[in-house]
Amino acid sequence: MNNALRITAFAAALAATFGTAYGVGRGLDPLVAAEDRPAQRHAEHGAGEEGGGKGASGHAAGGLQISDGGYTLALETPTIRAGARTEIRFAITDGNGRKVTDYRREHGKELHFILASSDLAEFRHLHPVRAADGTWATPVDLPRAGGYRAFADFIPAAEGAENLTLGADLAVSGTYRPAALPAPHATAEVDGYRVALGGELRAGRGGELKLTVSRNGRPVTDLQPYLGAYGHLVALRSGDLAYLHVHPNEGGPGPVVSFAATAPSAGTYRLFLDFRHEGKVRTAAFTVRVAPEKGAAEPQESGTEKSGAHAH
């Protein structure tokens with residue numbers, strides 16, 4: 001796209017059509033603006049439909065639906081303005097439309113809130129605060145306009161409730177310039193730290209991802225706990241922004257942080273590793289291509305949706 005595009009509500013919802021993914025070790029904050037309202041295309045998908053909750057392998061990928069298991073992500077701030085610090089408010093409602101106020105804590109939090117742009121150039125892992133009535137709020141400042149996806153990852157306290165990841169569209173108004181998805185690379189640099197990615201993400205089969213953190217050529221062996229582990233990993237699939245659940249393995253404070261993960265399908269994924277050192281959380285990002293399962297056809301990636309994975 002040669003000319004900058006002024007985002008309207010409709011344009012923001014279509015932003016994912018123009019970009020694949022670019023992730024970086026920078027954090028974003030505020031969101032979109034004004035009168036624009038993003039189309040809820042992800043909410044229309046059922047778990048069994050194309051682009052829905054499961055990949056070819058049958059492994060669940062979350063965040064493609066706004067409602068699941070009787071719960072809904074009610075985004076009260078569906079549009080914000082790029083470059084303006086804004087408070088995003090949302091709630092999780094039950095089957096009766098009541099705001100949920102009781103959750104099971106997972107990785108130190110009642111709820112994890114993720115924002116990612118449709119081209120995967122912007123990524124935020126935020127920590128909203130819940131009011132007594134069940135309304136969550138967090139300040140954000142997103143520098144780039146376009147379509148975004150908001151993910152809420154939580155476990156209701158209700159008996160028998162399971163972990164859910166719900167997703168809703170967020171429009172960020174302003175001048176839109178899509179970013180290209182970076183090519184796969186085994187290392188990422190952020191704030192003087194170098195993170196090397198090892199291991200393999202495989203379609204339909206479990207794999208181990210190992211991330212090694214170093215600084216100034218020396219391994220970092222004193223990583224600090226973050227959300228109950230020495231690293232937190234989110235994986236999003238380019239094409240539908242599906243959210244993949246990744247789980248941390250036992251380990252010490254570095255330099256290696258490892259995760260067990262299974263990709264729901266072949267395709268291109270963007271991995272975002274959060275790690276804490278010397279009191280500050282940093283994010284390293286990687287592009288990974290996953291080959292199809294043996295005998296399976298290579299899926300066609302769509303520019304309109306993306307899918308993702310989350311590892312704590």
# chains A, B, ... in the order shown; residues from 1 in each chain; ligands from 1
>>> closest_atom_pairs(of="range 134-223 of chain A", to="range 77-100 of chain A", cutoff="6 Å", atoms="only C-alpha atoms", output="tab-separated table")
residue	atom	partner	partner_atom	distance
A:Gly134	CA	A:Lys99	CA	5.2
A:Thr135	CA	A:Ala91	CA	4.9
A:Trp136	CA	A:Phe90	CA	5.3
A:Ala137	CA	A:Arg89	CA	4.4
A:Thr138	CA	A:Ile88	CA	5.4
A:Pro139	CA	A:Glu87	CA	4.2
A:Val140	CA	A:Thr86	CA	5.4
A:Asp141	CA	A:Arg85	CA	4.5
A:Leu142	CA	A:Ala82	CA	5.4
A:Pro143	CA	A:Gly83	CA	4.4
A:Arg144	CA	A:Ala82	CA	5.6
A:Ala145	CA	A:Ala82	CA	5.3
A:Leu170	CA	A:Pro78	CA	5.0
A:Ala171	CA	A:Thr79	CA	4.7
A:Val172	CA	A:Ile80	CA	5.0
A:Ser173	CA	A:Arg81	CA	4.8
A:Gly174	CA	A:Ala82	CA	5.6
>>> write_last_selection(atoms="N, CA and C atoms", output="CSV table (one decimal), in the first residue's frame")
chain,number,residue,atom,x,y,z
A,134,GLY,N,-17.1,-6.4,38.4
A,134,GLY,CA,-16.7,-7.3,37.3
A,134,GLY,C,-16.1,-6.6,36.1
A,135,THR,N,-16.1,-5.3,36.1
A,135,THR,CA,-15.5,-4.5,35.0
A,135,THR,C,-14.0,-4.5,35.1
A,136,TRP,N,-13.3,-4.8,34.0
A,136,TRP,CA,-11.8,-4.8,33.9
A,136,TRP,C,-11.4,-3.5,33.2
A,137,ALA,N,-10.3,-2.9,33.6
A,137,ALA,CA,-9.8,-1.7,33.0
A,137,ALA,C,-8.3,-1.7,33.0
A,138,THR,N,-7.7,-1.2,31.9
A,138,THR,CA,-6.3,-1.0,31.8
A,138,THR,C,-5.9,0.1,30.8
A,139,PRO,N,-4.9,0.9,31.1
A,139,PRO,CA,-4.5,2.0,30.2
A,139,PRO,C,-3.7,1.4,29.1
A,140,VAL,N,-3.8,1.9,27.9
A,140,VAL,CA,-3.0,1.5,26.7
A,140,VAL,C,-2.7,2.7,25.9
A,141,ASP,N,-1.6,2.5,25.1
A,141,ASP,CA,-1.2,3.5,24.2
A,141,ASP,C,-0.6,2.8,23.0
A,142,LEU,N,-1.4,2.7,21.9
A,142,LEU,CA,-0.9,2.0,20.7
A,142,LEU,C,-0.5,3.0,19.7
A,143,PRO,N,0.7,2.9,19.2
A,143,PRO,CA,1.2,4.0,18.3
A,143,PRO,C,0.8,3.8,16.9
A,144,ARG,N,0.3,2.6,16.5
A,144,ARG,CA,0.0,2.3,15.1
A,144,ARG,C,-1.5,2.0,14.9
A,145,ALA,N,-2.1,2.6,13.9
A,145,ALA,CA,-3.5,2.4,13.6
A,145,ALA,C,-3.7,1.1,12.9
A,170,LEU,N,-10.7,-5.0,17.9
A,170,LEU,CA,-10.5,-3.6,18.4
A,170,LEU,C,-10.0,-2.8,17.2
A,171,ALA,N,-10.6,-1.6,17.0
A,171,ALA,CA,-10.2,-0.7,15.9
A,171,ALA,C,-9.4,0.4,16.5
A,172,VAL,N,-8.2,0.7,15.9
A,172,VAL,CA,-7.4,1.8,16.3
A,172,VAL,C,-7.3,2.8,15.1
A,173,SER,N,-7.9,3.9,15.3
A,173,SER,CA,-8.0,4.9,14.2
A,173,SER,C,-6.7,5.7,14.1
A,174,GLY,N,-6.5,6.2,12.8
A,174,GLY,CA,-5.3,6.9,12.5
A,174,GLY,C,-4.8,6.6,11.2
>>> closest_atom_pairs(of="range 98-211 of chain A", to="range 221-244 of chain A", cutoff="8 Å", atoms="only C-alpha atoms", output="tab-separated table")
residue	atom	partner	partner_atom	distance
A:His107	CA	A:Leu227	CA	4.9
A:Gly108	CA	A:Leu227	CA	5.4
A:Lys109	CA	A:Leu227	CA	7.5
A:Ser118	CA	A:Leu241	CA	7.3
A:Leu120	CA	A:Ser238	CA	7.9
A:Arg149	CA	A:Leu241	CA	7.6
A:Thr165	CA	A:Tyr243	CA	7.7
>>> write_last_selection(atoms="N, CA, C and O atoms", output="short mmCIF file (atom, residue, chain, number, x, y, z; two decimals), in the first residue's frame")
data_model
loop_
_atom_site.label_atom_id
_atom_site.label_comp_id
_atom_site.auth_asym_id
_atom_site.auth_seq_id
_atom_site.Cartn_x
_atom_site.Cartn_y
_atom_site.Cartn_z
N HIS A 107 -1.17 -18.65 36.90
CA HIS A 107 0.08 -17.91 36.69
C HIS A 107 0.02 -16.55 37.37
O HIS A 107 0.43 -15.53 36.80
N GLY A 108 -0.51 -16.56 38.59
CA GLY A 108 -0.50 -15.36 39.41
C GLY A 108 -1.58 -14.34 39.11
O GLY A 108 -1.67 -13.32 39.79
N LYS A 109 -2.42 -14.57 38.10
CA LYS A 109 -3.43 -13.58 37.72
C LYS A 109 -4.79 -14.24 37.54
O LYS A 109 -4.89 -15.41 37.17
N SER A 118 -3.36 -6.81 13.67
CA SER A 118 -3.66 -7.83 12.68
C SER A 118 -2.44 -8.19 11.85
O SER A 118 -2.36 -9.31 11.32
N LEU A 120 0.50 -8.30 13.23
CA LEU A 120 1.39 -8.81 14.28
C LEU A 120 2.62 -7.94 14.50
O LEU A 120 3.62 -8.39 15.05
N ARG A 149 -6.66 -7.41 17.69
CA ARG A 149 -7.45 -8.45 18.36
C ARG A 149 -7.13 -8.40 19.84
O ARG A 149 -5.96 -8.33 20.24
N THR A 165 -10.11 -18.92 26.20
CA THR A 165 -9.49 -17.75 25.60
C THR A 165 -10.50 -17.18 24.61
O THR A 165 -10.83 -17.81 23.60
#
>>> residues_around(residues="range 252-266 of chain A", least_positions_apart="4", cutoff="6 Å", atoms="only C-alpha atoms", output="mmCIF file with N, CA and C atoms, in the first residue's frame")
data_model
loop_
_atom_site.group_PDB
_atom_site.id
_atom_site.type_symbol
_atom_site.label_atom_id
_atom_site.label_comp_id
_atom_site.auth_asym_id
_atom_site.auth_seq_id
_atom_site.Cartn_x
_atom_site.Cartn_y
_atom_site.Cartn_z
ATOM 1 N N GLY A 55 -7.571 -26.662 14.656
ATOM 2 C CA GLY A 55 -6.842 -26.821 13.416
ATOM 3 C C GLY A 55 -7.024 -28.220 12.882
ATOM 4 N N ALA A 56 -6.285 -28.526 11.815
ATOM 5 C CA ALA A 56 -6.431 -29.821 11.167
ATOM 6 C C ALA A 56 -6.090 -30.958 12.096
ATOM 7 N N SER A 57 -5.235 -30.713 13.033
ATOM 8 C CA SER A 57 -4.810 -31.767 13.944
ATOM 9 C C SER A 57 -5.810 -32.017 15.049
ATOM 10 N N HIS A 59 -6.141 -29.967 17.612
ATOM 11 C CA HIS A 59 -5.710 -29.281 18.822
ATOM 12 C C HIS A 59 -6.365 -27.907 18.869
ATOM 13 N N ARG A 202 5.585 -28.131 16.076
ATOM 14 C CA ARG A 202 5.136 -29.097 15.084
ATOM 15 C C ARG A 202 3.617 -29.169 15.035
ATOM 16 N N ALA A 203 3.097 -29.403 13.850
ATOM 17 C CA ALA A 203 1.648 -29.509 13.666
ATOM 18 C C ALA A 203 1.154 -30.863 14.149
ATOM 19 N N GLY A 204 0.240 -30.848 15.099
ATOM 20 C CA GLY A 204 -0.390 -32.070 15.555
ATOM 21 C C GLY A 204 0.445 -32.933 16.465
ATOM 22 N N ARG A 205 1.649 -32.510 16.791
ATOM 23 C CA ARG A 205 2.526 -33.289 17.675
ATOM 24 C C ARG A 205 3.210 -32.357 18.660
ATOM 25 N N GLY A 206 3.417 -32.872 19.857
ATOM 26 C CA GLY A 206 4.071 -32.084 20.875
ATOM 27 C C GLY A 206 5.522 -31.802 20.520
ATOM 28 N N GLY A 207 5.986 -30.643 20.872
ATOM 29 C CA GLY A 207 7.375 -30.269 20.641
ATOM 30 C C GLY A 207 7.860 -29.397 21.780
ATOM 31 N N GLU A 208 9.154 -29.166 21.834
ATOM 32 C CA GLU A 208 9.725 -28.317 22.881
ATOM 33 C C GLU A 208 10.424 -27.125 22.240
ATOM 34 N N LEU A 209 10.122 -25.951 22.752
ATOM 35 C CA LEU A 209 10.784 -24.732 22.318
ATOM 36 C C LEU A 209 11.736 -24.283 23.428
ATOM 37 N N LYS A 210 12.997 -24.041 23.076
ATOM 38 C CA LYS A 210 13.998 -23.604 24.040
ATOM 39 C C LYS A 210 14.501 -22.225 23.649
ATOM 40 N N LEU A 211 14.395 -21.291 24.583
ATOM 41 C CA LEU A 211 14.847 -19.929 24.328
ATOM 42 C C LEU A 211 15.972 -19.596 25.294
ATOM 43 N N THR A 212 17.114 -19.190 24.740
ATOM 44 C CA THR A 212 18.313 -18.925 25.527
ATOM 45 C C THR A 212 18.591 -17.432 25.533
ATOM 46 N N VAL A 213 18.680 -16.855 26.736
ATOM 47 C CA VAL A 213 18.852 -15.413 26.896
ATOM 48 C C VAL A 213 20.301 -15.089 27.242
ATOM 49 N N PRO A 219 25.737 -15.629 28.988
ATOM 50 C CA PRO A 219 24.397 -16.136 29.334
ATOM 51 C C PRO A 219 23.838 -15.433 30.563
ATOM 52 N N VAL A 220 22.555 -15.160 30.542
ATOM 53 C CA VAL A 220 21.864 -14.560 31.686
ATOM 54 C C VAL A 220 21.346 -15.694 32.562
ATOM 55 N N THR A 221 21.907 -15.823 33.747
ATOM 56 C CA THR A 221 21.571 -16.947 34.632
ATOM 57 C C THR A 221 20.769 -16.506 35.854
ATOM 58 N N ASP A 222 20.326 -15.245 35.856
ATOM 59 C CA ASP A 222 19.557 -14.758 37.004
ATOM 60 C C ASP A 222 18.256 -14.089 36.553
ATOM 61 N N LEU A 223 17.563 -14.741 35.622
ATOM 62 C CA LEU A 223 16.242 -14.265 35.244
ATOM 63 C C LEU A 223 15.340 -14.254 36.474
ATOM 64 N N VAL A 246 0.525 -22.566 25.225
ATOM 65 C CA VAL A 246 1.855 -23.133 25.402
ATOM 66 C C VAL A 246 2.118 -23.234 26.902
ATOM 67 N N HIS A 247 2.850 -24.247 27.309
ATOM 68 C CA HIS A 247 3.033 -24.479 28.741
ATOM 69 C C HIS A 247 4.515 -24.497 29.104
ATOM 70 N N PRO A 248 4.896 -23.823 30.190
ATOM 71 C CA PRO A 248 6.305 -23.767 30.577
ATOM 72 C C PRO A 248 6.767 -25.083 31.189
ATOM 73 N N VAL A 290 5.647 -23.645 10.446
ATOM 74 C CA VAL A 290 5.354 -25.016 10.845
ATOM 75 C C VAL A 290 4.938 -25.822 9.618
ATOM 76 N N ALA A 291 5.633 -26.921 9.378
ATOM 77 C CA ALA A 291 5.314 -27.776 8.237
ATOM 78 C C ALA A 291 4.044 -28.565 8.518
ATOM 79 N N PRO A 292 3.320 -28.967 7.462
ATOM 80 C CA PRO A 292 2.096 -29.746 7.681
ATOM 81 C C PRO A 292 2.412 -31.124 8.229
#
>>> select_by_dssp(residues="range 136-296 of chain A", states="strand (DSSP E)", output="PyMOL selection string")
chain A and resi 136-140+146-156+164-173+175-176+187-190+193-199+207-215+218-219+232-237+243-248+256-261+267-277+280-290
>>> residues_around(residues="Ala284 in chain A", least_positions_apart="5", cutoff="10 Å", atoms="only C-alpha atoms", output="list of chain:residue names")
A:Gly23, A:Val24, A:Gly25, A:Arg26, A:Thr187, A:Ala188, A:Glu189, A:Val190, A:Asp191, A:Tyr193, A:Arg194, A:Val195, A:Ala196, A:Leu211, A:Val213, A:Leu233, A:Leu271, A:Phe272, A:Leu273, A:Asp274, A:Phe275
>>> write_last_selection(atoms="C-alpha atoms", output="compact mmCIF listing (two decimals), in the first residue's frame")
# COMPACT_ATOMS: atom_id res chain seq x y z
CA GLY A 23 6.31 -8.76 16.00
CA VAL A 24 8.89 -6.91 17.99
CA GLY A 25 10.33 -6.71 21.45
CA ARG A 26 8.66 -3.38 21.98
CA THR A 187 17.67 -14.96 17.16
CA ALA A 188 16.01 -11.75 18.35
CA GLU A 189 17.52 -8.61 19.90
CA VAL A 190 15.78 -6.46 22.50
CA ASP A 191 17.31 -3.78 24.78
CA TYR A 193 19.65 -8.81 25.13
CA ARG A 194 19.98 -11.59 22.57
CA VAL A 195 17.48 -14.44 22.63
CA ALA A 196 18.16 -17.59 20.61
CA LEU A 211 14.85 -19.93 24.33
CA VAL A 213 18.85 -15.41 26.90
CA LEU A 233 5.22 -17.25 25.77
CA LEU A 271 6.10 -16.10 19.04
CA PHE A 272 6.37 -13.47 21.77
CA LEU A 273 8.55 -14.27 24.77
CA ASP A 274 8.22 -12.10 27.88
CA PHE A 275 11.11 -12.37 30.34
>>> closest_residue(among="A:Gly198, A:Thr283, A:Arg177, A:Phe154", to="Arg105 in chain A", atoms="only C-alpha atoms")
A:Phe154
>>> select_by_dssp(residues="range 29-274 of chain A", states="helix (DSSP H, G or I)", output="list in words")
Arg41, His42, Ala43 and Glu44 of chain A
